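Chemist: This is the structure, below, for whatever I ask next.
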Amino acid sequence: MRIGFGYDVHALAEELDLVLCGVKVPSTFGCVAHSDGDVAIHALCDALLGAVALGDIGKHFPDNDMTYKGIDSTILLSRTIEFLKTEGYKVGNVDITIALERPKLRPHIDQMRARLAEVMGVEIGAVSVKATTTEKLGFTGRGEGVAAYAVALVVPAV
Ligand code: MG
């Protein structure tokens, strides 16, 4: 088995959609991004790519490529899963932590897990999503941005 780690940050601004783990979370502000700004999926893709040493999300889906303008990040995730398959691996389990001051994500966590499991083609039990505030400290605490961390274990597909 192999392990990978991913990290991503996006700035927050008023009147944008807040999409996390493929779920649109009710909010008056959202992520500033070239894609749909799904910071959690971006961290997850980097973790999966890292596990098979295939570089990072920016290498495969450049943010200066108009193909990816406003793209649904679940599409990037399903393509990342295809890259894994090409390398002979499948997802073992993944674990994501989202750092965001507000809104509270707890009511949406199970929907996020279900959506990611569906896109990756794994059992929901293989997908963990957690959320934390940063106690009003730093850029996340001030509500200026959102950060996501992900780890992924991949196993031979056989
Ligand atoms: Mg990103």
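The way I read the labels, and the way they are meant: chains A, B, ... in the order of the structure tokens, residue 1 as the first residue of every chain, and ligand 1 as the first ligand shown, with later ones counted on from there.
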For Gly121 of chain A, work out the shell of residues within 10 Å, counting only C-alpha atoms and skipping chain neighbours fewer than 2 positions away, then give it as a PDB file with N, CA and C atoms, in the first residue's frame.

Modeler:
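Dumped everything to result_32.pdb:
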```pdb
ATOM      1  N   SER A  78     -12.865  12.260 -10.386  1.00  0.00           N
ATOM      2  CA  SER A  78     -13.057  10.996 -11.104  1.00  0.00           C
ATOM      3  C   SER A  78     -11.915  10.767 -12.095  1.00  0.00           C
ATOM      4  N   ILE A  81      -9.043   9.365 -10.135  1.00  0.00           N
ATOM      5  CA  ILE A  81      -9.249   7.935  -9.875  1.00  0.00           C
ATOM      6  C   ILE A  81      -8.825   7.106 -11.102  1.00  0.00           C
ATOM      7  N   LYS A  90      -6.111   1.350  -6.452  1.00  0.00           N
ATOM      8  CA  LYS A  90      -7.450   1.838  -6.134  1.00  0.00           C
ATOM      9  C   LYS A  90      -7.429   2.437  -4.730  1.00  0.00           C
ATOM     10  N   VAL A  91      -8.484   3.176  -4.401  1.00  0.00           N
ATOM     11  CA  VAL A  91      -8.552   3.840  -3.100  1.00  0.00           C
ATOM     12  C   VAL A  91      -8.748   2.815  -1.985  1.00  0.00           C
ATOM     13  N   ARG A 115     -21.196  11.617  -1.258  1.00  0.00           N
ATOM     14  CA  ARG A 115     -20.886  12.134  -2.603  1.00  0.00           C
ATOM     15  C   ARG A 115     -19.472  11.700  -3.031  1.00  0.00           C
ATOM     16  N   LEU A 116     -18.516  11.849  -2.115  1.00  0.00           N
ATOM     17  CA  LEU A 116     -17.135  11.462  -2.455  1.00  0.00           C
ATOM     18  C   LEU A 116     -17.045   9.958  -2.704  1.00  0.00           C
ATOM     19  N   ALA A 117     -17.735   9.175  -1.887  1.00  0.00           N
ATOM     20  CA  ALA A 117     -17.721   7.717  -2.052  1.00  0.00           C
ATOM     21  C   ALA A 117     -18.278   7.338  -3.418  1.00  0.00           C
ATOM     22  N   GLU A 118     -19.361   8.008  -3.805  1.00  0.00           N
ATOM     23  CA  GLU A 118     -19.995   7.754  -5.102  1.00  0.00           C
ATOM     24  C   GLU A 118     -19.013   8.059  -6.247  1.00  0.00           C
ATOM     25  N   VAL A 119     -18.381   9.222  -6.173  1.00  0.00           N
ATOM     26  CA  VAL A 119     -17.468   9.635  -7.252  1.00  0.00           C
ATOM     27  C   VAL A 119     -16.255   8.707  -7.331  1.00  0.00           C
ATOM     28  N   GLU A 123     -16.870   2.334  -0.745  1.00  0.00           N
ATOM     29  CA  GLU A 123     -17.864   2.313   0.327  1.00  0.00           C
ATOM     30  C   GLU A 123     -17.764   3.611   1.127  1.00  0.00           C
ATOM     31  N   ILE A 124     -18.889   4.051   1.663  1.00  0.00           N
ATOM     32  CA  ILE A 124     -18.879   5.286   2.455  1.00  0.00           C
ATOM     33  C   ILE A 124     -17.965   5.152   3.687  1.00  0.00           C
TER      34      ILE A 124
END
```

Chemist: Using only C-alpha atoms, determine which residues lie at most 8 Å from segment 138-151 of chain A, disregarding the query and same-chain residues fewer than 2 positions distant; provide the list as a PyMOL selection string.

Modeler: chain A and resi 3-13+31+39-40+43-44+47-48+94-102+133-136+153

Chemist: For the selection you just gave me, I'd like the residues written to a file as a compact mmCIF listing (two decimals), in the first residue's frame, keeping N, CA and C atoms.

Modeler:
```
# COMPACT_ATOMS: atom_id res chain seq x y z
N ILE A 3 0.77 5.77 0.63
CA ILE A 3 0.04 6.86 1.28
C ILE A 3 0.37 8.19 0.61
N GLY A 4 -0.61 9.09 0.60
CA GLY A 4 -0.38 10.43 0.04
C GLY A 4 -1.03 11.48 0.90
N PHE A 5 -0.52 12.68 0.80
CA PHE A 5 -1.03 13.82 1.57
C PHE A 5 -1.33 14.99 0.63
N GLY A 6 -2.39 15.73 0.92
CA GLY A 6 -2.72 16.91 0.11
C GLY A 6 -3.18 18.06 0.98
N TYR A 7 -2.95 19.26 0.48
CA TYR A 7 -3.31 20.49 1.20
C TYR A 7 -3.74 21.52 0.18
N ASP A 8 -4.80 22.28 0.48
CA ASP A 8 -5.20 23.35 -0.43
C ASP A 8 -5.88 24.47 0.36
N VAL A 9 -5.82 25.65 -0.21
CA VAL A 9 -6.41 26.85 0.40
C VAL A 9 -7.13 27.63 -0.69
N HIS A 10 -8.27 28.19 -0.36
CA HIS A 10 -8.89 29.17 -1.25
C HIS A 10 -9.37 30.35 -0.43
N ALA A 11 -9.32 31.54 -1.06
CA ALA A 11 -9.86 32.74 -0.42
C ALA A 11 -11.38 32.68 -0.49
N LEU A 12 -12.03 33.33 0.46
CA LEU A 12 -13.49 33.40 0.48
C LEU A 12 -13.93 34.81 0.09
N ALA A 13 -15.04 34.90 -0.64
CA ALA A 13 -15.60 36.20 -0.99
C ALA A 13 -17.12 36.09 -1.03
N CYS A 31 -15.83 30.20 -2.32
CA CYS A 31 -14.42 30.20 -2.68
C CYS A 31 -14.15 30.94 -3.98
N VAL A 39 -12.19 23.20 -2.37
CA VAL A 39 -10.88 23.09 -1.73
C VAL A 39 -10.65 21.68 -1.17
N ALA A 40 -11.71 21.04 -0.69
CA ALA A 40 -11.58 19.71 -0.08
C ALA A 40 -11.26 18.67 -1.15
N ALA A 43 -7.61 19.11 -2.27
CA ALA A 43 -6.66 18.49 -1.34
C ALA A 43 -6.69 16.97 -1.50
N LEU A 44 -7.89 16.43 -1.69
CA LEU A 44 -8.04 14.98 -1.85
C LEU A 44 -7.34 14.50 -3.13
N ALA A 47 -3.70 14.35 -2.54
CA ALA A 47 -3.34 13.21 -1.70
C ALA A 47 -3.29 11.93 -2.55
N LEU A 48 -4.29 11.76 -3.41
CA LEU A 48 -4.35 10.55 -4.26
C LEU A 48 -3.21 10.55 -5.27
N VAL A 94 -9.74 7.30 2.62
CA VAL A 94 -9.29 8.70 2.63
C VAL A 94 -9.82 9.39 3.87
N ASP A 95 -9.11 10.43 4.29
CA ASP A 95 -9.50 11.20 5.47
C ASP A 95 -9.21 12.67 5.20
N ILE A 96 -10.24 13.49 5.34
CA ILE A 96 -10.15 14.92 5.00
C ILE A 96 -10.50 15.76 6.22
N THR A 97 -9.75 16.83 6.44
CA THR A 97 -10.12 17.82 7.45
C THR A 97 -10.25 19.19 6.78
N ILE A 98 -11.40 19.83 7.00
CA ILE A 98 -11.65 21.16 6.44
C ILE A 98 -11.59 22.17 7.59
N ALA A 99 -10.78 23.22 7.42
CA ALA A 99 -10.68 24.28 8.43
C ALA A 99 -11.43 25.51 7.93
N LEU A 100 -12.51 25.83 8.63
CA LEU A 100 -13.41 26.91 8.19
C LEU A 100 -14.11 27.46 9.43
N GLU A 101 -14.16 28.77 9.54
CA GLU A 101 -14.76 29.36 10.74
C GLU A 101 -16.29 29.21 10.73
N ARG A 102 -16.91 29.48 9.59
CA ARG A 102 -18.35 29.33 9.45
C ARG A 102 -18.69 29.21 7.98
N THR A 133 -12.97 24.54 13.28
CA THR A 133 -12.66 25.97 13.18
C THR A 133 -11.19 26.08 13.60
N THR A 134 -10.64 27.27 13.48
CA THR A 134 -9.28 27.45 14.00
C THR A 134 -9.30 28.48 15.13
N GLU A 135 -10.42 28.43 15.88
CA GLU A 135 -10.55 29.26 17.09
C GLU A 135 -10.32 30.75 16.81
N LYS A 136 -10.83 31.19 15.65
CA LYS A 136 -10.74 32.59 15.23
C LYS A 136 -9.29 33.05 14.95
N LEU A 153 -4.92 6.51 1.46
CA LEU A 153 -4.19 5.25 1.36
C LEU A 153 -4.69 4.58 0.08
```

Chemist: Give me the residues near Asp36 of chain A as a list in words, where near means some atom within 7 Å (using only C-alpha atoms) and where sequence neighbours in that chain fewer than 6 positions away do not count.

Modeler: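 The filter keeps Val19, Gly70, Ile71, Asp72 and Ser73 of chain A.
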
Chemist: Output the selection as a tab-separated table (two decimals), in the first residue's frame - all heavy atoms for each residue.

Modeler:
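Final output, saved to selection-v8.tsv:
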```tsv
chain	number	residue	atom	x	y	z
A	19	VAL	N	-18.76	25.29	-2.29
A	19	VAL	CA	-18.88	23.88	-2.65
A	19	VAL	C	-17.75	23.11	-1.97
A	19	VAL	O	-16.57	23.42	-2.17
A	19	VAL	CB	-18.80	23.68	-4.18
A	19	VAL	CG1	-18.98	22.20	-4.54
A	19	VAL	CG2	-19.84	24.53	-4.90
A	70	GLY	N	-14.44	27.11	-13.99
A	70	GLY	CA	-15.72	26.83	-13.33
A	70	GLY	C	-16.07	25.35	-13.25
A	70	GLY	O	-17.20	25.00	-12.92
A	71	ILE	N	-15.09	24.48	-13.54
A	71	ILE	CA	-15.38	23.04	-13.62
A	71	ILE	C	-15.81	22.47	-12.25
A	71	ILE	O	-15.32	22.91	-11.19
A	71	ILE	CB	-14.17	22.25	-14.18
A	71	ILE	CG1	-14.61	20.85	-14.63
A	71	ILE	CG2	-13.03	22.17	-13.15
A	71	ILE	CD1	-13.56	20.11	-15.45
A	72	ASP	N	-16.74	21.53	-12.33
A	72	ASP	CA	-17.17	20.77	-11.16
A	72	ASP	C	-15.98	19.90	-10.74
A	72	ASP	O	-15.52	19.05	-11.50
A	72	ASP	CB	-18.36	19.91	-11.61
A	72	ASP	CG	-18.90	19.01	-10.52
A	72	ASP	OD1	-18.18	18.76	-9.52
A	72	ASP	OD2	-20.03	18.53	-10.68
A	73	SER	N	-15.50	20.11	-9.54
A	73	SER	CA	-14.29	19.40	-9.10
A	73	SER	C	-14.49	17.89	-8.96
A	73	SER	O	-13.51	17.14	-8.93
A	73	SER	CB	-13.75	19.99	-7.80
A	73	SER	OG	-13.25	21.29	-8.04
```

Chemist: List every residue of chain A that DSSP, applied to the backbone of this structure, assigns to strand (DSSP E or B), and report them as a PyMOL selection string.

Modeler: chain A and resi 2-14+18-20+23-25+29-31+89-99+127-132+145-156

Chemist: What separation in Å, quoted to one decimal, exists between atom CA of Val154 of chain A and atom CA of Leu105 of chain A?

Modeler: 26.6 Å

Chemist: Using only C-alpha atoms, which of the listed residues (A:His108, A:Tyr68, A:Leu49, A:Arg113) sits closest to Phe83 of chain A?

Modeler: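 Comparing A:His108, A:Tyr68, A:Leu49, A:Arg113 against Phe83 of chain A, the winner is A:Leu49.
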
Chemist: Report the distance between atom CA of Val52 of chain A and atom CA of Leu84 of chain A in Å, rounded to one decimal place.

Modeler: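 We find that atom CA of Val52 of chain A and atom CA of Leu84 of chain A lie 7.1 Å from each other.
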
Chemist: DSSP on the backbone: what in segment 18-89 of chain A comes out helix (DSSP H, G or I), as an MDAnalysis selection string?

Modeler: chainID A and resid 39:51 57:60 66:68 73:86
